[in-house]
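> Following this line is entry-v2.csv, made up of CSV, C-alpha atoms:
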```csv
chain,number,residue,atom,x,y,z
A,1111,MET,CA,-1.3,-10.7,24.9
A,1112,GLY,CA,0.3,-8.7,22.1
A,1113,ALA,CA,-0.4,-11.4,19.5
A,1114,PHE,CA,-4.0,-11.7,20.6
A,1115,ALA,CA,-4.5,-7.9,20.3
A,1116,ALA,CA,-2.9,-8.0,16.8
A,1117,ALA,CA,-5.2,-10.8,15.7
A,1118,VAL,CA,-8.3,-9.0,17.0
A,1119,LEU,CA,-7.3,-5.7,15.3
A,1120,ALA,CA,-6.5,-7.6,12.0
A,1121,SER,CA,-9.9,-9.3,12.1
A,1122,THR,CA,-11.6,-6.0,11.5
A,1123,GLY,CA,-10.0,-5.8,8.1
A,1124,ASN,CA,-9.0,-2.2,8.6
A,1125,ASP,CA,-5.9,-2.4,10.7
A,1126,GLY,CA,-2.5,-3.8,10.1
A,1127,ARG,CA,0.3,-3.6,7.5
A,1128,VAL,CA,0.8,-6.0,4.7
A,1129,LEU,CA,4.4,-7.2,5.0
A,1130,ASP,CA,4.5,-8.9,1.6
A,1131,ILE,CA,2.1,-10.2,-1.0
A,1132,PRO,CA,3.0,-13.9,-1.7
A,1133,SER,CA,4.5,-14.6,-5.1
A,1134,THR,CA,4.9,-10.9,-6.0
A,1135,ARG,CA,7.9,-9.9,-4.0
A,1136,ILE,CA,6.5,-6.3,-3.7
A,1137,ARG,CA,8.9,-5.7,-0.8
A,1138,GLU,CA,11.8,-6.0,-3.2
A,1139,LEU,CA,10.6,-3.1,-5.3
A,1140,LYS,CA,12.5,-0.3,-3.5
A,1141,ASP,CA,13.5,3.1,-4.9
A,1142,GLU,CA,11.6,2.5,-8.2
A,1143,PHE,CA,9.0,4.4,-10.1
A,1144,ILE,CA,6.0,2.1,-10.7
A,1145,PRO,CA,2.7,2.7,-12.5
A,1146,VAL,CA,-0.4,2.1,-10.4
A,1147,LYS,CA,-1.5,-0.5,-13.0
A,1148,ARG,CA,1.6,-2.6,-12.2
A,1149,LEU,CA,1.0,-2.3,-8.5
A,1150,THR,CA,-2.5,-3.6,-8.9
A,1151,GLU,CA,-1.1,-6.5,-11.0
A,1152,LEU,CA,1.2,-7.2,-8.0
A,1153,GLY,CA,-1.8,-7.5,-5.6
A,1154,VAL,CA,-2.3,-4.0,-4.3
A,1155,ALA,CA,-6.0,-3.5,-4.4
A,1156,GLU,CA,-5.9,0.4,-4.5
A,1157,VAL,CA,-3.5,3.3,-4.4
A,1158,ARG,CA,-4.9,6.2,-2.6
A,1159,SER,CA,-3.8,9.7,-1.7
A,1160,LEU,CA,-3.7,10.6,2.0
A,1161,ASP,CA,-7.1,12.3,1.6
A,1162,GLY,CA,-8.6,9.1,0.2
A,1163,VAL,CA,-8.7,9.8,-3.5
A,1164,ARG,CA,-8.0,6.7,-5.6
A,1165,LEU,CA,-5.2,7.2,-8.2
A,1166,SER,CA,-5.8,6.2,-11.8
A,1167,GLU,CA,-3.9,3.3,-13.3
A,1168,HIS,CA,-1.8,5.7,-15.4
A,1169,GLU,CA,-0.3,7.5,-12.4
A,1170,VAL,CA,3.2,6.6,-11.3
A,1171,VAL,CA,4.3,6.1,-7.8
A,1172,ALA,CA,7.8,6.5,-6.3
A,1173,LEU,CA,8.3,3.6,-3.9
A,1174,GLY,CA,10.6,3.8,-1.0
A,1175,LYS,CA,9.7,0.6,0.7
A,1176,ALA,CA,6.1,-0.1,-0.1
A,1177,LYS,CA,3.9,-0.6,3.0
A,1178,PRO,CA,0.4,-1.3,2.0
A,1179,VAL,CA,-2.2,-1.4,4.9
A,1180,LEU,CA,-5.4,-3.3,5.2
A,1181,ARG,CA,-8.6,-1.4,4.3
A,1182,GLY,CA,-11.7,-3.5,4.0
A,1183,PHE,CA,-9.5,-6.7,4.1
A,1184,LYS,CA,-7.6,-5.5,1.0
A,1185,PRO,CA,-4.1,-4.1,0.7
A,1186,VAL,CA,-4.1,-0.4,0.0
A,1187,LEU,CA,-1.0,1.7,-0.6
A,1188,TYR,CA,-1.2,5.4,0.5
A,1189,VAL,CA,0.8,8.1,-1.3
A,1190,GLU,CA,1.3,11.8,-1.0
A,1191,ARG,CA,2.1,14.4,-3.7
A,1192,VAL,CA,5.5,15.9,-3.5
A,1193,GLY,CA,6.1,18.3,-6.3
A,1194,LEU,CA,5.1,16.4,-9.4
A,1195,ALA,CA,5.6,13.0,-8.0
A,1196,TRP,CA,3.5,10.6,-5.9
A,1197,LEU,CA,5.5,9.1,-3.1
A,1198,ALA,CA,4.5,6.0,-1.1
A,1199,VAL,CA,4.0,6.8,2.6
A,1200,LYS,CA,3.7,4.8,5.8
A,1201,VAL,CA,0.3,5.0,7.4
A,1202,GLU,CA,-0.4,3.7,10.8
```
Can the structure in the file be given as C-alpha coordinates, please?

Amino acid sequence: MGAFAAAVLASTGNDGRVLDIPSTRIRELKDEFIPVKRLTELGVAEVRSLDGVRLSEHEVVALGKAKPVLRGFKPVLYVERVGLAWLAVKVE
(Lines of atoms letter the chains of each structure in order from A and count residues from 1; the text may use other names and numbers.)
(Lines give C-alpha, C1' and ligand atoms only; values in the text may rest on other atoms or scores of the structure.)
Protein backbone atom coordinates (compact mmCIF):
# COMPACT_ATOMS: atom_id res chain seq x y z
CA MET A 1 0.00 0.00 0.00
CA GLY A 2 2.83 2.39 0.82
CA ALA A 3 4.43 2.02 -2.61
CA PHE A 4 1.07 2.64 -4.28
CA ALA A 5 0.52 5.80 -2.25
CA ALA A 6 4.01 7.03 -3.10
CA ALA A 7 3.41 6.38 -6.80
CA VAL A 8 0.11 8.28 -6.73
CA LEU A 9 1.67 11.24 -4.93
CA ALA A 10 4.65 11.33 -7.29
CA SER A 11 2.31 11.27 -10.29
CA THR A 12 1.11 14.77 -9.38
CA GLY A 13 4.62 16.10 -10.07
CA ASN A 14 4.58 18.14 -6.87
CA ASP A 15 5.39 15.61 -4.22
CA GLY A 16 8.43 13.54 -3.43
CA ARG A 17 12.14 14.03 -3.03
CA VAL A 18 14.77 13.58 -5.71
CA LEU A 19 17.26 11.10 -4.28
CA ASP A 20 19.82 11.64 -7.02
CA ILE A 21 20.04 12.94 -10.55
CA PRO A 22 21.57 10.25 -12.77
CA SER A 23 25.08 10.92 -14.06
CA THR A 24 25.57 14.06 -11.92
CA ARG A 25 26.27 12.54 -8.49
CA ILE A 26 24.64 15.55 -6.83
CA ARG A 27 24.29 13.55 -3.60
CA GLU A 28 28.07 13.46 -3.30
CA LEU A 29 28.29 17.26 -3.15
CA LYS A 30 28.14 17.64 0.62
CA ASP A 31 29.46 20.51 2.67
CA GLU A 32 30.38 22.57 -0.36
CA PHE A 33 29.55 26.06 -1.57
CA ILE A 34 28.16 25.81 -5.10
CA PRO A 35 26.90 28.53 -7.46
CA VAL A 36 23.28 28.19 -8.57
CA LYS A 37 24.51 28.08 -12.17
CA ARG A 38 26.49 24.89 -11.41
CA LEU A 39 23.51 23.32 -9.66
CA THR A 40 21.37 23.90 -12.75
CA GLU A 41 24.10 22.34 -14.89
CA LEU A 42 23.85 19.30 -12.60
CA GLY A 43 20.13 18.99 -13.27
CA VAL A 44 18.43 21.08 -10.58
CA ALA A 45 15.71 22.99 -12.43
CA GLU A 46 15.49 25.86 -9.93
CA VAL A 47 16.85 27.02 -6.60
CA ARG A 48 14.22 28.86 -4.58
CA SER A 49 14.03 30.53 -1.19
CA LEU A 50 11.45 29.17 1.24
CA ASP A 51 9.10 32.00 0.24
CA GLY A 52 9.32 30.92 -3.40
CA VAL A 53 11.74 33.50 -4.82
CA ARG A 54 13.98 32.05 -7.51
CA LEU A 55 17.70 32.67 -6.90
CA SER A 56 19.86 34.08 -9.68
CA GLU A 57 22.58 31.97 -11.24
CA HIS A 58 25.23 34.10 -9.49
CA GLU A 59 24.07 33.27 -5.97
CA VAL A 60 26.04 30.64 -4.02
CA VAL A 61 24.44 27.90 -1.94
CA ALA A 62 25.97 26.04 1.00
CA LEU A 63 24.96 22.41 0.60
CA GLY A 64 24.62 20.07 3.50
CA LYS A 65 23.13 17.14 1.73
CA ALA A 66 21.14 18.44 -1.23
CA LYS A 67 17.54 17.26 -1.18
CA PRO A 68 15.70 18.68 -4.18
CA VAL A 69 11.96 18.06 -4.29
CA LEU A 70 9.61 17.68 -7.24
CA ARG A 71 7.71 20.80 -8.25
CA GLY A 72 5.93 20.65 -11.59
CA PHE A 73 7.79 17.39 -12.37
CA LYS A 74 11.14 19.23 -12.00
CA PRO A 75 13.78 19.00 -9.26
CA VAL A 76 13.77 22.18 -7.15
CA LEU A 77 16.22 22.88 -4.32
CA TYR A 78 14.93 25.08 -1.49
CA VAL A 79 17.24 27.31 0.52
CA GLU A 80 17.03 29.75 3.39
CA ARG A 81 19.13 32.80 4.16
CA VAL A 82 21.26 32.45 7.26
CA GLY A 83 23.34 35.56 7.77
CA LEU A 84 25.01 36.22 4.43
CA ALA A 85 24.74 32.65 3.16
CA TRP A 86 22.06 30.61 1.43
CA LEU A 87 21.74 27.17 3.02
CA ALA A 88 20.01 24.19 1.37
CA VAL A 89 17.08 22.99 3.47
CA LYS A 90 14.93 19.89 3.58
CA VAL A 91 11.33 20.55 2.54
CA GLU A 92 8.58 17.99 2.99
> Find the distance between atom CA of Glu1142 of chain A and atom CA of Leu1180 of chain A and write it in Å to one decimal.
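Interatomic distance here is 22.4 Å.
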> Using atom CA of Pro1145 of chain A and atom CA of Phe1183 of chain A as the two end points, give the distance in Å to one decimal.
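Those two atoms sit 22.6 Å apart.
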> Which of these residues is nearest to Ala1172 of chain A, using only C-alpha atoms: A:Lys1147, A:Arg1158, A:Arg1191, A:Lys1184?
A:Arg1191
> Could you tell me how far atom CA of Glu1151 of chain A lies from atom CA of Lys1175 of chain A, in Å and to one decimal?
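Atom CA of Glu1151 of chain A sits 17.4 Å away from atom CA of Lys1175 of chain A.
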> Which residue gives the smallest distance to Asp1141 of chain A among A:Gly1162, A:Val1192, A:Glu1167, A:Leu1197, with only C-alpha atoms counted?
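Once distances to Asp1141 of chain A are computed over only C-alpha atoms, the minimum belongs to A:Leu1197.
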